[in-house]
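Visitor: One structure, as structure tokens, below. Some questions next.
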Amino acid sequence: MKIAVLPGDGIGPEIVSQAVKVMDVLSREGMKIELEYGDIGGAGYDAAGDPYPAITSRLAKEADAVLLGAVGGYRYDSLPRPMRPEQGLLRIRKELNLFANLRPAMLYPELAGSSSLRPEVVSGLDIMILRELTGDIYFGQPKGLRKNDDGEREGYDTMLYSESEIARIAHVAFKTAMKRKKRLCSVDKANVLETSVLWREVVTAIARDYPEVELSHMYVDNAAMQLVRNPKQFDVIVTGNMFGDILSDEASMLTGSIGMLPSASLDSQGKGLFEPIHGSAPDIAGQNVANPLATILSVAMMMRHTFDDEATAQRIEDAVRKALFEGFRTPDIHQEGMKRVGTKEMGDAVAARL
Ligand code: IPM
Ligand code: MG
């Protein structure tokens, strides 16, 4: 298994080190894991003057999978857009054609008390958000800044989806639903946006190939509300790039902490990039307080989706569950009576239980 490791910025390096600890355990058992490190985001800009350096791109293309920490930091906020750390992330997603972004929002029973919602509303929560990741207003052309006829500046972006882009994410969504509770909710804004009218039409047409899946449609504003009103009504949610960005952050809070949620971004062959859904948290970087579990759980997703190794994926997830069950908590999920630990200690705890 050739894995490109791109720690990135902020808390990225410290959380990725914990995920590497977990992979080291697997290596010692005989699994053939080869790690190669590269720079991305602000780290790429510092090393090579580019948030997605050519050498990193080569590394990522040659690898079977990519493990990424996070990108972004105050120091880079005033750079021109093409040099900003976020561009590194957007470019690697686009270049590797990682159109299917799986963001599971699952509540570990031990963390029910850490959610901002009442335990009975979230207990047993298990949602899979499928976010389209290489299209939509993120990438649609044209975009830019210009002067209008009155000489005033205006900014514009283009929300755009082709039928084939919608179709391929829809197929992944229906297949995902088939492996779960067979309920799929497609989220759009078809009451206002043409892009969404097409989205709804294509998803509805594809539903005929999956008669066992119960398909529903929901406007994004309502979906945002339903997620905090009654989140357990959802099984699989499929949506576009921007709505998925927003809804997945919202869903993460249901689970107690955004520090718990892993993600997989896959191409049509199952090659993927695996990263926590949270950002680089520069305010707590280097303090050994960040929660490494989302990154560790991203390794589990890598085993499952790229290497087709369900058993190892479950072992990693069980090790995380065990550490939580035994009371290990980083500050973001800490509660009275639990063992408050740092980033490294949480990594050690999971590695030991593996
Ligand atoms: C995410 C992030 C990124 C996105 C940013 C950092 C570009 O918020 O992965 O959800 O908007 O996709
Ligand atoms: Mg986001």
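Every chain in the structure tokens has a letter given in the order shown (A, B, ...), and although residue numbers restart at 1 in each chain, ligands are simply numbered from 1 in the order shown.
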Name all residues at most 10 Å from A:Pro109 (count only C-alpha atoms; drop same-chain ones fewer than 2 positions away) and give them as a list in words.
Guide: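 Here the answer would be Met106, Leu107, Leu111, Ala112, Gly113, Pro119, Val122, Ser123, Gly124, Leu125, Thr255, Arg321, Leu324 and Phe325 of chain A.
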Visitor: May I have the residues from that selection written out with all heavy atoms, as a tab-separated table (two decimals), in the first residue's frame?
Guide:
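Everything below was put into out_1.tsv:
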```tsv
chain	number	residue	atom	x	y	z
A	106	MET	N	-21.64	9.96	12.63
A	106	MET	CA	-22.07	8.86	13.47
A	106	MET	C	-21.83	9.22	14.91
A	106	MET	O	-20.77	9.75	15.23
A	106	MET	CB	-21.22	7.65	13.10
A	106	MET	CG	-21.86	6.35	13.32
A	106	MET	SD	-20.58	5.12	13.24
A	106	MET	CE	-20.41	4.83	14.97
A	107	LEU	N	-22.78	8.92	15.76
A	107	LEU	CA	-22.60	9.27	17.17
A	107	LEU	C	-22.10	8.07	17.95
A	107	LEU	O	-22.72	7.01	17.95
A	107	LEU	CB	-23.92	9.74	17.78
A	107	LEU	CG	-23.77	10.15	19.24
A	107	LEU	CD1	-23.20	11.55	19.35
A	107	LEU	CD2	-25.10	10.08	19.97
A	111	LEU	N	-20.40	9.57	23.56
A	111	LEU	CA	-20.29	11.02	23.38
A	111	LEU	C	-21.65	11.72	23.32
A	111	LEU	O	-21.72	12.93	23.04
A	111	LEU	CB	-19.49	11.34	22.11
A	111	LEU	CG	-18.05	10.84	22.09
A	111	LEU	CD1	-17.35	11.32	20.82
A	111	LEU	CD2	-17.29	11.32	23.31
A	112	ALA	N	-22.72	10.97	23.60
A	112	ALA	CA	-24.06	11.56	23.48
A	112	ALA	C	-24.16	12.86	24.29
A	112	ALA	O	-24.82	13.81	23.88
A	112	ALA	CB	-25.12	10.57	23.92
A	113	GLY	N	-23.47	12.90	25.42
A	113	GLY	CA	-23.53	14.09	26.27
A	113	GLY	C	-22.74	15.27	25.73
A	113	GLY	O	-22.88	16.39	26.21
A	119	PRO	N	-29.50	14.20	24.28
A	119	PRO	CA	-29.08	12.83	23.97
A	119	PRO	C	-30.16	12.03	23.24
A	119	PRO	O	-29.85	11.29	22.31
A	119	PRO	CB	-28.79	12.22	25.35
A	119	PRO	CG	-28.48	13.38	26.22
A	119	PRO	CD	-29.25	14.56	25.69
A	122	VAL	N	-30.15	12.59	19.46
A	122	VAL	CA	-29.01	12.14	18.66
A	122	VAL	C	-28.57	10.70	18.90
A	122	VAL	O	-27.79	10.16	18.11
A	122	VAL	CB	-27.78	13.06	18.87
A	122	VAL	CG1	-28.04	14.42	18.25
A	122	VAL	CG2	-27.40	13.18	20.34
A	123	SER	N	-29.06	10.06	19.97
A	123	SER	CA	-28.54	8.73	20.27
A	123	SER	C	-28.90	7.77	19.12
A	123	SER	O	-30.03	7.77	18.63
A	123	SER	CB	-29.05	8.22	21.61
A	123	SER	OG	-30.39	7.87	21.49
A	124	GLY	N	-27.92	7.01	18.70
A	124	GLY	CA	-28.13	6.09	17.58
A	124	GLY	C	-27.97	6.73	16.22
A	124	GLY	O	-28.16	6.10	15.19
A	125	LEU	N	-27.59	7.99	16.21
A	125	LEU	CA	-27.46	8.72	14.94
A	125	LEU	C	-26.40	8.08	14.03
A	125	LEU	O	-25.30	7.76	14.46
A	125	LEU	CB	-27.03	10.16	15.23
A	125	LEU	CG	-26.88	11.04	14.00
A	125	LEU	CD1	-28.22	11.67	13.65
A	125	LEU	CD2	-25.86	12.14	14.23
A	255	THR	N	-22.72	15.04	16.45
A	255	THR	CA	-21.97	13.90	16.98
A	255	THR	C	-21.07	14.26	18.14
A	255	THR	O	-20.29	13.45	18.59
A	255	THR	CB	-21.08	13.28	15.88
A	255	THR	OG1	-20.01	14.22	15.62
A	255	THR	CG2	-21.84	13.05	14.61
A	321	ARG	N	-13.38	3.19	19.59
A	321	ARG	CA	-14.54	3.01	20.48
A	321	ARG	C	-14.08	2.60	21.87
A	321	ARG	O	-14.57	3.11	22.88
A	321	ARG	CB	-15.44	1.93	19.88
A	321	ARG	CG	-16.90	2.14	20.18
A	321	ARG	CD	-17.78	1.29	19.27
A	321	ARG	NE	-17.85	1.81	17.93
A	321	ARG	CZ	-17.90	1.06	16.83
A	321	ARG	NH1	-17.84	-0.25	16.90
A	321	ARG	NH2	-17.99	1.63	15.65
A	324	LEU	N	-12.58	5.46	23.80
A	324	LEU	CA	-13.66	6.34	24.29
A	324	LEU	C	-14.38	5.68	25.46
A	324	LEU	O	-14.67	6.31	26.48
A	324	LEU	CB	-14.67	6.63	23.16
A	324	LEU	CG	-14.17	7.53	22.03
A	324	LEU	CD1	-15.21	7.57	20.90
A	324	LEU	CD2	-13.89	8.95	22.54
A	325	PHE	N	-14.67	4.40	25.31
A	325	PHE	CA	-15.38	3.66	26.35
A	325	PHE	C	-14.61	3.70	27.66
A	325	PHE	O	-15.17	3.81	28.74
A	325	PHE	CB	-15.60	2.21	25.90
A	325	PHE	CG	-16.35	1.39	26.90
A	325	PHE	CD1	-17.72	1.56	27.07
A	325	PHE	CD2	-15.69	0.45	27.69
A	325	PHE	CE1	-18.43	0.81	28.01
A	325	PHE	CE2	-16.38	-0.31	28.63
A	325	PHE	CZ	-17.75	-0.13	28.79
```
Visitor: Pick out the residues sitting within 9 Å of A:Leu96, and hand them over as a list in words; count only C-alpha atoms, and ignore anything fewer than 3 positions along from it in its own chain.
Guide: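 That gives Ala60, Lys61, Arg91, Ile92, Arg93, Phe99, Leu266, Asp267, Lys271, Gly272 and Leu273 of chain A.
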Visitor: Please dump the current selection as a compact mmCIF listing (two decimals), in the first residue's frame; keep all heavy atoms.
Guide:
```txt
# COMPACT_ATOMS: atom_id res chain seq x y z
N ALA A 60 1.09 12.23 -5.15
CA ALA A 60 -0.32 11.87 -4.97
C ALA A 60 -0.81 10.99 -6.11
O ALA A 60 -1.58 10.05 -5.91
CB ALA A 60 -1.17 13.13 -4.87
N LYS A 61 -0.34 11.28 -7.33
CA LYS A 61 -0.78 10.50 -8.48
C LYS A 61 -0.22 9.09 -8.43
O LYS A 61 -0.87 8.14 -8.86
CB LYS A 61 -0.32 11.17 -9.78
CG LYS A 61 -1.24 12.32 -10.19
CD LYS A 61 -0.91 12.75 -11.63
CE LYS A 61 -1.00 14.24 -11.78
NZ LYS A 61 -0.02 14.82 -12.68
N ARG A 91 -7.32 21.80 -5.66
CA ARG A 91 -6.61 21.30 -6.85
C ARG A 91 -6.34 19.80 -6.77
O ARG A 91 -6.45 19.10 -7.78
CB ARG A 91 -5.30 22.08 -7.05
CG ARG A 91 -5.55 23.43 -7.73
CD ARG A 91 -4.36 24.36 -7.64
NE ARG A 91 -3.16 23.83 -8.24
CZ ARG A 91 -1.92 24.28 -7.98
NH1 ARG A 91 -1.75 25.29 -7.10
NH2 ARG A 91 -0.89 23.76 -8.57
N ILE A 92 -5.99 19.31 -5.60
CA ILE A 92 -5.73 17.87 -5.51
C ILE A 92 -7.03 17.09 -5.71
O ILE A 92 -7.07 16.07 -6.39
CB ILE A 92 -5.01 17.47 -4.19
CG1 ILE A 92 -4.50 16.03 -4.27
CG2 ILE A 92 -5.87 17.63 -2.97
CD1 ILE A 92 -3.62 15.61 -3.11
N ARG A 93 -8.14 17.61 -5.18
CA ARG A 93 -9.44 16.94 -5.39
C ARG A 93 -9.77 16.89 -6.88
O ARG A 93 -10.20 15.86 -7.40
CB ARG A 93 -10.55 17.70 -4.66
CG ARG A 93 -10.51 17.56 -3.15
CD ARG A 93 -11.49 18.53 -2.49
NE ARG A 93 -11.51 18.40 -1.04
CZ ARG A 93 -12.17 19.23 -0.23
NH1 ARG A 93 -12.84 20.26 -0.73
NH2 ARG A 93 -12.15 19.04 1.08
N PHE A 99 -14.53 12.85 -7.03
CA PHE A 99 -15.85 13.50 -7.07
C PHE A 99 -16.79 13.06 -5.96
O PHE A 99 -17.75 13.74 -5.67
CB PHE A 99 -16.51 13.27 -8.43
CG PHE A 99 -16.90 11.83 -8.64
CD1 PHE A 99 -18.17 11.39 -8.30
CD2 PHE A 99 -16.00 10.92 -9.18
CE1 PHE A 99 -18.54 10.05 -8.47
CE2 PHE A 99 -16.35 9.58 -9.36
CZ PHE A 99 -17.63 9.15 -9.00
N LEU A 266 -13.38 9.95 -3.13
CA LEU A 266 -13.02 8.85 -4.02
C LEU A 266 -13.20 9.17 -5.49
O LEU A 266 -14.11 9.93 -5.85
CB LEU A 266 -13.90 7.63 -3.69
CG LEU A 266 -13.92 7.17 -2.23
CD1 LEU A 266 -14.94 6.05 -2.05
CD2 LEU A 266 -12.54 6.70 -1.78
N ASP A 267 -12.36 8.56 -6.31
CA ASP A 267 -12.58 8.64 -7.76
C ASP A 267 -13.40 7.42 -8.17
O ASP A 267 -13.86 6.65 -7.31
CB ASP A 267 -11.25 8.73 -8.52
CG ASP A 267 -10.45 7.43 -8.52
OD1 ASP A 267 -10.94 6.41 -8.00
OD2 ASP A 267 -9.32 7.44 -9.03
N LYS A 271 -9.77 4.88 -5.70
CA LYS A 271 -8.59 5.57 -5.18
C LYS A 271 -9.09 6.79 -4.44
O LYS A 271 -10.09 7.40 -4.82
CB LYS A 271 -7.68 6.02 -6.33
CG LYS A 271 -6.53 6.91 -5.85
CD LYS A 271 -5.50 7.14 -6.92
CE LYS A 271 -4.44 8.13 -6.42
NZ LYS A 271 -3.30 8.21 -7.31
N GLY A 272 -8.39 7.14 -3.35
CA GLY A 272 -8.99 8.21 -2.58
C GLY A 272 -8.04 9.03 -1.75
O GLY A 272 -6.87 8.69 -1.54
N LEU A 273 -8.61 10.11 -1.30
CA LEU A 273 -7.95 11.01 -0.36
C LEU A 273 -8.77 10.96 0.92
O LEU A 273 -9.99 11.06 0.88
CB LEU A 273 -7.92 12.42 -0.94
CG LEU A 273 -7.25 13.52 -0.13
CD1 LEU A 273 -6.67 14.56 -1.07
CD2 LEU A 273 -8.20 14.20 0.81
```
Visitor: For A:Asn288, which residue among A:Met346, A:Leu133, A:Ala251, A:Ala70 is the nearest when counting only C-alpha atoms?
Guide: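 Among the listed residues, the smallest separation from A:Asn288 belongs to A:Met346.
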Visitor: Which value, in Å to one decimal, gives the distance between atom CA of A:Asp235 and atom CA of A:Ser186?
Guide: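 Atom-to-atom, atom CA of A:Asp235 and atom CA of A:Ser186 are spaced 11.0 Å apart.
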Visitor: Which residues form the shell of 10 Å around ligand 2 when you count only C-alpha atoms and all ligand atoms, given as a ChimeraX atom specification?
Guide: /A:241-250,277-279
Visitor: Which one of A:Leu130, A:Val22, A:Val71, A:Ala281 sits closest to ligand 1 if you count only C-alpha atoms and all ligand atoms?
Guide: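 Using only C-alpha atoms and all ligand atoms, ligand 1 sits closest to A:Val71.
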Visitor: Just list as an MDAnalysis selection string whatever in stretch 250-340 of chain A DSSP marks as strand (DSSP E or B).
Guide: chainID A and resid 262:266 272:276 328:329 339:340
Visitor: Next, dump the selected residues to file, keeping only N, CA and C atoms, as a PDB file, in the first residue's frame.
Guide:
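Final output, saved to again-v9.pdb:
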```
ATOM      1  N   PRO A 262     -14.352  11.636  10.134  1.00  0.00           N
ATOM      2  CA  PRO A 262     -13.429  11.364   9.034  1.00  0.00           C
ATOM      3  C   PRO A 262     -14.127  11.607   7.702  1.00  0.00           C
ATOM      4  N   SER A 263     -13.380  11.543   6.611  1.00  0.00           N
ATOM      5  CA  SER A 263     -14.018  11.601   5.302  1.00  0.00           C
ATOM      6  C   SER A 263     -13.184  10.853   4.287  1.00  0.00           C
ATOM      7  N   ALA A 264     -13.861  10.428   3.231  1.00  0.00           N
ATOM      8  CA  ALA A 264     -13.199   9.791   2.106  1.00  0.00           C
ATOM      9  C   ALA A 264     -13.614  10.535   0.852  1.00  0.00           C
ATOM     10  N   SER A 265     -12.666  10.847  -0.002  1.00  0.00           N
ATOM     11  CA  SER A 265     -12.974  11.461  -1.294  1.00  0.00           C
ATOM     12  C   SER A 265     -12.455  10.512  -2.358  1.00  0.00           C
ATOM     13  N   LEU A 266     -13.380   9.954  -3.128  1.00  0.00           N
ATOM     14  CA  LEU A 266     -13.020   8.846  -4.016  1.00  0.00           C
ATOM     15  C   LEU A 266     -13.202   9.173  -5.490  1.00  0.00           C
ATOM     16  N   GLY A 272      -8.393   7.140  -3.346  1.00  0.00           N
ATOM     17  CA  GLY A 272      -8.986   8.214  -2.582  1.00  0.00           C
ATOM     18  C   GLY A 272      -8.042   9.034  -1.749  1.00  0.00           C
ATOM     19  N   LEU A 273      -8.613  10.115  -1.304  1.00  0.00           N
ATOM     20  CA  LEU A 273      -7.953  11.008  -0.364  1.00  0.00           C
ATOM     21  C   LEU A 273      -8.769  10.957   0.917  1.00  0.00           C
ATOM     22  N   PHE A 274      -8.064  10.800   2.027  1.00  0.00           N
ATOM     23  CA  PHE A 274      -8.746  10.614   3.303  1.00  0.00           C
ATOM     24  C   PHE A 274      -8.298  11.706   4.262  1.00  0.00           C
ATOM     25  N   GLU A 275      -9.281  12.391   4.829  1.00  0.00           N
ATOM     26  CA  GLU A 275      -8.938  13.524   5.685  1.00  0.00           C
ATOM     27  C   GLU A 275     -10.049  13.745   6.698  1.00  0.00           C
ATOM     28  N   PRO A 276      -9.683  14.334   7.842  1.00  0.00           N
ATOM     29  CA  PRO A 276     -10.743  14.727   8.775  1.00  0.00           C
ATOM     30  C   PRO A 276     -11.552  15.848   8.128  1.00  0.00           C
ATOM     31  N   PHE A 328     -11.036   7.954  27.713  1.00  0.00           N
ATOM     32  CA  PHE A 328     -10.050   8.892  27.153  1.00  0.00           C
ATOM     33  C   PHE A 328     -10.772   9.992  26.382  1.00  0.00           C
ATOM     34  N   ARG A 329     -10.423  11.236  26.692  1.00  0.00           N
ATOM     35  CA  ARG A 329     -11.091  12.366  26.031  1.00  0.00           C
ATOM     36  C   ARG A 329     -10.098  13.503  25.780  1.00  0.00           C
ATOM     37  N   LYS A 339     -11.116  10.868  31.482  1.00  0.00           N
ATOM     38  CA  LYS A 339      -9.666  11.101  31.482  1.00  0.00           C
ATOM     39  C   LYS A 339      -9.319  12.114  30.416  1.00  0.00           C
ATOM     40  N   ARG A 340      -8.887  13.291  30.848  1.00  0.00           N
ATOM     41  CA  ARG A 340      -8.530  14.323  29.898  1.00  0.00           C
ATOM     42  C   ARG A 340      -7.124  14.048  29.366  1.00  0.00           C
TER      43      ARG A 340
END
```
Visitor: Take atom CA of A:Glu214 and atom CA of A:Val202 and report the distance between them in Å, one decimal.
Guide: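 If I compute the distance from atom CA of A:Glu214 to atom CA of A:Val202, I get 15.6 Å.
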Visitor: Quick check, in Å to one decimal: how far apart do atom 9 (O, counted along the ligand's line) of ligand 1 and atom CA of A:Leu90 lie?
Guide: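 That distance, rounded to one decimal, is 8.6 Å.
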Visitor: Name all residues at most 10 Å from A:Ala351 (count only C-alpha atoms; drop same-chain ones fewer than 5 positions away) and give them as a ChimeraX atom specification.
Guide: /A:18-26,296,316,319-320,323,345-346
Visitor: Which residues, written as a ChimeraX atom specification, have at least one atom at most 9 Å from stretch 341-344 of chain A, with only C-alpha atoms counted and residues fewer than 2 positions away on the same chain left out?
Guide: /A:14-15,17-18,287-293,328-331,334,339,346-349
Visitor: Have a look at A:Ile129, A:Val187, A:Ala4, A:Ile206 and name the one nearest to ligand 1; count only C-alpha atoms and all ligand atoms.
Guide: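 Selected residue with least distance to ligand 1: A:Ile129.
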Visitor: Residues of stretch 11-234 of chain A classed as alpha helix (DSSP H) by DSSP on the backbone are to be reported as a ChimeraX atom specification.
Guide: /A:12-28,42-48,54-62,85-95,119-122,163-178,194-206,220-229
Visitor: Which is closer to A:Leu68 than all the others in A:Gly49, A:Pro7, A:Pro13, A:Gly38, using only C-alpha atoms?
Guide: A:Pro7
Visitor: So which one's closest to ligand 1, A:Met159, A:Leu35, A:Leu261, A:Val192? Using only C-alpha atoms and all ligand atoms, please.
Guide: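 Looking at the shortest contact to ligand 1, the residue is A:Leu261.
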Visitor: Rank A:Gly256, A:Gly270, A:Gly135, A:Gly73 by their smallest atom-to-atom distance to A:Val172, using only C-alpha atoms, and report the top residue only.
Guide: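 For A:Val172, the nearest of the given residues is A:Gly270.
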